[in-house]
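Structure file target_11.txt (compact mmCIF, C-alpha atoms) follows.
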```txt
# COMPACT_ATOMS: atom_id res chain seq x y z
CA MET O 885 100.45 8.31 -58.21
CA ILE O 886 99.60 4.62 -57.96
CA VAL O 887 95.93 4.08 -58.83
CA ALA O 888 94.14 0.76 -58.50
CA GLY O 889 90.86 0.01 -60.24
CA VAL O 890 88.45 -2.44 -58.61
CA ASP O 891 85.36 -4.22 -59.88
CA GLU O 892 83.34 -7.35 -59.17
CA ALA O 893 81.60 -10.00 -61.25
CA GLY O 894 78.79 -12.34 -60.36
CA ARG O 895 76.36 -10.49 -58.12
CA GLY O 896 73.27 -11.71 -59.98
CA PRO O 897 73.78 -15.47 -60.47
CA LEU O 898 72.06 -18.12 -58.38
CA ALA O 899 75.27 -20.16 -58.09
CA GLY O 900 79.00 -19.73 -57.64
CA PRO O 901 81.16 -17.18 -55.85
CA VAL O 902 81.25 -13.47 -56.44
CA PHE O 903 84.67 -12.47 -57.77
CA ALA O 904 86.50 -9.15 -57.51
CA ALA O 905 89.70 -7.92 -59.07
CA ALA O 906 92.06 -5.02 -58.45
CA VAL O 907 94.42 -3.76 -61.14
CA ILE O 908 97.17 -1.16 -61.17
CA LEU O 909 97.92 -0.29 -64.78
CA SER O 910 101.32 0.84 -65.99
CA ASP O 911 101.64 4.33 -67.49
CA ASP O 912 104.29 2.92 -69.83
CA LYS O 913 102.28 0.06 -71.36
CA GLU O 914 99.00 0.90 -73.08
CA ILE O 915 96.53 -2.00 -73.27
CA PHE O 916 94.31 -1.46 -76.30
CA GLY O 917 90.73 -2.69 -76.39
CA LEU O 918 89.86 -2.25 -72.70
CA ASN O 919 86.14 -1.92 -72.10
CA ASP O 920 83.41 -2.96 -69.70
CA SER O 921 83.69 -6.77 -69.57
CA LYS O 922 79.97 -7.11 -70.34
CA LYS O 923 80.55 -5.42 -73.71
CA LEU O 924 83.28 -7.86 -74.80
CA SER O 925 83.05 -11.39 -76.16
CA SER O 926 84.38 -14.23 -74.04
CA LYS O 927 87.30 -14.71 -76.43
CA LYS O 928 88.20 -11.00 -76.37
CA ARG O 929 88.03 -10.98 -72.54
CA GLU O 930 90.43 -13.94 -72.35
CA ILE O 931 92.92 -12.23 -74.69
CA LEU O 932 92.70 -8.97 -72.75
CA ALA O 933 92.98 -10.73 -69.37
CA ASP O 934 96.30 -12.20 -70.49
CA LYS O 935 97.52 -8.79 -71.74
CA ILE O 936 96.43 -7.11 -68.49
CA LYS O 937 98.29 -9.63 -66.34
CA ARG O 938 101.45 -9.33 -68.44
CA ASN O 939 101.48 -5.53 -68.77
CA CYS O 940 100.12 -4.05 -65.55
CA LEU O 941 102.11 -3.15 -62.45
CA ALA O 942 99.98 -5.33 -60.16
CA TRP O 943 96.79 -7.38 -60.20
CA SER O 944 94.83 -9.52 -57.80
CA ILE O 945 91.67 -11.60 -57.99
CA SER O 946 89.63 -12.64 -54.95
CA GLN O 947 86.27 -14.21 -54.28
CA CYS O 948 83.57 -14.84 -51.71
CA SER O 949 81.97 -18.27 -51.82
CA ALA O 950 78.26 -19.03 -52.10
CA GLU O 951 78.37 -19.91 -48.39
CA GLU O 952 79.87 -16.50 -47.54
CA ILE O 953 77.26 -14.80 -49.75
CA ASP O 954 74.51 -16.58 -47.81
CA LYS O 955 76.01 -15.45 -44.48
CA LEU O 956 76.83 -11.85 -45.42
CA ASN O 957 74.37 -11.02 -48.26
CA ILE O 958 75.52 -10.34 -51.81
CA LEU O 959 76.43 -6.67 -51.32
CA ASN O 960 78.63 -7.32 -48.27
CA ALA O 961 80.19 -10.38 -49.92
CA SER O 962 81.00 -8.28 -53.01
CA LEU O 963 82.61 -5.63 -50.82
CA LEU O 964 84.61 -8.27 -48.93
CA ALA O 965 85.87 -9.77 -52.21
CA MET O 966 86.89 -6.26 -53.32
CA LYS O 967 88.69 -5.64 -50.03
CA ARG O 968 90.54 -8.96 -50.36
CA SER O 969 91.65 -8.13 -53.90
CA ILE O 970 92.94 -4.70 -52.85
CA GLU O 971 94.79 -6.13 -49.84
CA ASP O 972 96.37 -8.85 -52.01
CA LEU O 973 98.01 -6.38 -54.41
CA ILE O 974 101.81 -6.42 -54.29
CA LEU O 975 101.80 -2.59 -54.40
CA THR O 976 99.90 -0.26 -52.08
CA PRO O 977 97.84 2.16 -54.15
CA ASP O 978 97.64 5.88 -53.38
CA LEU O 979 94.07 5.88 -54.66
CA VAL O 980 91.53 3.11 -55.25
CA LEU O 981 88.83 3.64 -57.88
CA ILE O 982 85.83 1.40 -57.18
CA ASP O 983 83.07 0.71 -59.68
CA GLY O 984 79.62 1.63 -58.39
CA ILE O 985 78.36 3.49 -55.35
CA HIS O 986 79.47 1.19 -52.53
CA ALA O 987 82.99 0.74 -51.19
CA PRO O 988 84.55 -1.70 -48.74
CA ASN O 989 85.96 -0.42 -45.48
CA LEU O 990 89.50 0.60 -46.48
CA ASP O 991 92.44 2.31 -44.82
CA LEU O 992 93.29 3.83 -48.20
CA ASN O 993 92.11 6.80 -50.21
CA TYR O 994 89.30 5.68 -52.47
CA GLN O 995 86.65 7.02 -54.77
CA THR O 996 83.52 5.27 -56.02
CA VAL O 997 82.80 5.78 -59.71
CA ILE O 998 79.32 5.17 -61.09
CA LYS O 999 79.72 3.22 -64.36
CA GLY O 1000 83.47 3.23 -63.74
CA ASP O 1001 83.77 0.09 -65.87
CA GLU O 1002 82.81 2.32 -68.82
CA SER O 1003 85.06 5.31 -68.02
CA GLU O 1004 88.15 4.26 -66.03
CA LYS O 1005 90.72 1.99 -67.71
CA SER O 1006 91.91 0.45 -64.44
CA ILE O 1007 88.31 -0.45 -63.51
CA MET O 1008 87.75 -1.85 -67.03
CA ALA O 1009 90.81 -4.04 -66.55
CA ALA O 1010 89.55 -5.19 -63.13
CA SER O 1011 86.14 -5.90 -64.66
CA ILE O 1012 87.75 -8.14 -67.28
CA LEU O 1013 89.88 -10.07 -64.75
CA ALA O 1014 86.96 -10.61 -62.37
CA LYS O 1015 84.63 -11.76 -65.16
CA THR O 1016 87.13 -14.16 -66.78
CA ALA O 1017 88.07 -15.65 -63.40
CA ARG O 1018 84.44 -16.21 -62.48
CA ASP O 1019 83.54 -17.66 -65.88
CA ASN O 1020 86.50 -20.05 -65.71
CA PHE O 1021 85.46 -21.11 -62.21
CA MET O 1022 81.94 -21.83 -63.45
CA LEU O 1023 83.34 -23.96 -66.30
CA LYS O 1024 84.95 -26.15 -63.63
CA VAL O 1025 81.64 -26.27 -61.74
CA ASP O 1026 80.00 -27.39 -64.99
CA LYS O 1027 82.30 -30.41 -65.12
CA ARG O 1028 81.17 -31.42 -61.61
CA PHE O 1029 77.48 -30.76 -62.30
CA PRO O 1030 76.98 -31.00 -66.09
CA GLU O 1031 73.20 -31.43 -65.87
CA TYR O 1032 72.83 -27.76 -64.82
CA GLY O 1033 74.45 -26.26 -67.94
CA PHE O 1034 76.73 -23.89 -66.02
CA LYS O 1035 79.09 -23.63 -69.02
CA ASN O 1036 76.30 -21.85 -70.89
CA HIS O 1037 74.69 -19.60 -68.28
CA LYS O 1038 77.47 -19.34 -65.63
CA GLY O 1039 74.91 -19.63 -62.83
CA TYR O 1040 72.52 -16.89 -63.96
CA PRO O 1041 68.78 -17.64 -63.64
CA THR O 1042 68.09 -18.79 -67.20
CA LYS O 1043 65.13 -20.98 -68.06
CA LYS O 1044 67.42 -24.04 -68.39
CA HIS O 1045 69.02 -23.35 -65.00
CA LEU O 1046 65.65 -22.94 -63.29
CA GLU O 1047 64.42 -26.19 -64.87
CA ALA O 1048 67.58 -28.01 -63.70
CA LEU O 1049 67.05 -26.69 -60.17
CA LYS O 1050 63.54 -28.11 -60.14
CA SER O 1051 64.70 -31.45 -61.57
CA TYR O 1052 67.93 -32.00 -59.64
CA GLY O 1053 67.72 -29.76 -56.59
CA ILE O 1054 70.57 -27.52 -55.45
CA THR O 1055 74.33 -28.04 -55.46
CA VAL O 1056 76.99 -26.90 -52.98
CA GLU O 1057 77.63 -23.96 -55.33
CA HIS O 1058 74.08 -22.62 -55.14
CA ARG O 1059 73.31 -19.53 -53.08
CA LYS O 1060 70.66 -20.74 -50.63
CA SER O 1061 69.58 -17.19 -49.77
CA PHE O 1062 68.65 -16.38 -53.39
CA LYS O 1063 65.15 -16.98 -54.78
CA PRO O 1064 64.28 -19.50 -56.27
CA VAL O 1065 67.14 -21.52 -54.74
CA LYS O 1066 65.85 -20.67 -51.26
CA LYS O 1067 62.42 -22.02 -52.13
CA ILE O 1068 63.84 -25.33 -53.36
CA TYR O 1069 66.29 -25.58 -50.46
CA GLU O 1070 63.58 -24.98 -47.85
CA SER O 1071 61.18 -27.48 -49.48
CA SER O 1072 63.89 -30.17 -49.40
CA LYS O 1073 64.48 -29.91 -45.63
```

Transcribe the structure of this file into structure tokens.
Amino acid sequence: MIVAGVDEAGRGPLAGPVFAAAVILSDDKEIFGLNDSKKLSSKKREILADKIKRNCLAWSISQCSAEEIDKLNILNASLLAMKRSIEDLILTPDLVLIDGIHAPNLDLNYQTVIKGDESEKSIMAASILAKTARDNFMLKVDKRFPEYGFKNHKGYPTKKHLEALKSYGITVEHRKSFKPVKKIYESSK
């Protein structure tokens, strides 16, 4: 049976896309050290992401932009990113395991798994790929907008990020529907 694990990264930040990944692990190649991406260091995630890509049967990473998030809302954008990652796999899974309680509209057998990123290896692998892809994207955003400190907080609402928003306004990567971005965006009109 071909099983794909799916997870997302980046629902909570004020800036940047939400990313999702789908991974079909190989029964023949054990990847040691898999865990929920939030429980791993950045360096460990990068090492594991490389191992996952080299040793799994199939993987895919997709995203929904800040603009799409503002149009759809974060839940629907997360589900759309998940759907895109599943559809982009080079193999069609017999079963899709999705972290959480919500699932995209799929023409495949699927099962949602609460805390699946802590219990299902394929979801752990997807969690790692989604998180590393999003973090790497935000490092590129940091180069375009260094005054915001994206390399440190990856778009999450830290004190430094909130202060930068007040000082510099919003960027094209900010989610205009999220507080306090919305407040700043509306006051600048």

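Across O:Arg968, O:Lys999, O:Lys1050, O:His1037, the tightest approach to Ile982 (chain O) is made by O:Lys999 when counting all atoms listed in the file.
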
Work out how far CA of Gly1039 (chain O) is from CA of Ala987 (chain O), in Å to one decimal.
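Result for CA of Ala987 (chain O) versus CA of Gly1039 (chain O): 24.8 Å, one decimal.
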
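For the pair CA of Gly917 (chain O) and CA of Asp891 (chain O), the interatomic distance is 17.4 Å.
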
What's the 10 Å shell around region 924-930 of chain O, counting all atoms listed in the file, without same-chain residues fewer than 2 positions away, as a list in words?
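My list of contacting residues is Gly917, Leu918, Asn919, Asp920, Ser921, Lys922, Leu932, Ala933, Asp934, Lys935, Ile936, Ala1009, Ser1011, Ile1012, Leu1013, Lys1015, Thr1016, Ala1017, Asp1019 and Asn1020 of chain O.
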
Distance of CA of Ala899 (chain O) from CA of Lys1035 (chain O), expressed in Å to one decimal place:
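Rounded to one decimal, the two atoms are 12.1 Å apart.
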
For a quick check of understanding, using all atoms listed in the file, which of O:Arg1018, O:Gln995, O:Phe1062, O:Leu956 has the smallest distance to Pro1041 (chain O)?
O:Phe1062

O:Glu951, O:Leu981, O:Val887, O:Ala1010: which is nearest Val997 (chain O), counting all atoms listed in the file?
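That would be O:Leu981, the residue with the smallest distance to Val997 (chain O).
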
For Pro901 (chain O), which residue among O:Arg938, O:Lys1038, O:Lys1043, O:Lys1063 is the nearest when counting all atoms listed in the file?
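Using all atoms listed in the file, the shortest distance to Pro901 (chain O) belongs to O:Lys1038.
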
Let me have the centre and edge lengths of the axis-aligned box enclosing all listed atoms of region 937-956 of chain O with 6 Å padding on every side, in Å to one decimal, as AutoDock Vina command-line options.
```
--center_x 88.3 --center_y -11.5 --center_z -56.6 --size_x 39.6 --size_y 28.8 --size_z 36.3
```

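Considering all atoms listed in the file, the residue among O:Leu959, O:Ser1072, O:His986, O:Arg1028 positioned nearest to Gly894 (chain O) is O:Leu959.
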
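Proximity ranking of O:Asn1036, O:Trp943, O:Ala906, O:Lys967 relative to Met1022 (chain O) places O:Asn1036 first, based on only C-alpha atoms.
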
Residues near Ser1051 (chain O), anyone? I mean within 10 Å using all atoms listed in the file, not counting same-chain ones fewer than 5 positions away, as a PDB file with C-alpha atoms, in the frame of the given file.
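Output file part_39.pdb follows:
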```pdb
ATOM      1  CA  GLU O1031      73.200 -31.430 -65.870  1.00  0.00           C
ATOM      2  CA  TYR O1032      72.830 -27.760 -64.820  1.00  0.00           C
ATOM      3  CA  HIS O1045      69.020 -23.350 -65.000  1.00  0.00           C
ATOM      4  CA  LEU O1046      65.650 -22.940 -63.290  1.00  0.00           C
TER       5      LEU O1046
END
```

I'd like the neighbourhood of Asn939 (chain O) as number ranges by chain, where a residue qualifies if any of its atoms comes within 9 Å (using all atoms listed in the file), though same-chain residues fewer than 6 positions away should be ignored.
O: 909-910, 912-915

I'd like the contact shell of Ile1054 (chain O) - 10 Å cut-off, only C-alpha atoms, skipping same-chain residues fewer than 6 positions apart - returned as number ranges by chain.
O: 898-899, 1032, 1048, 1060, 1065-1066, 1068-1069, 1072

Within 10 Å of Pro977 (chain O), counting only C-alpha atoms, which residues qualify if same-chain residues fewer than 5 places away don't, as a count of residues only?
13
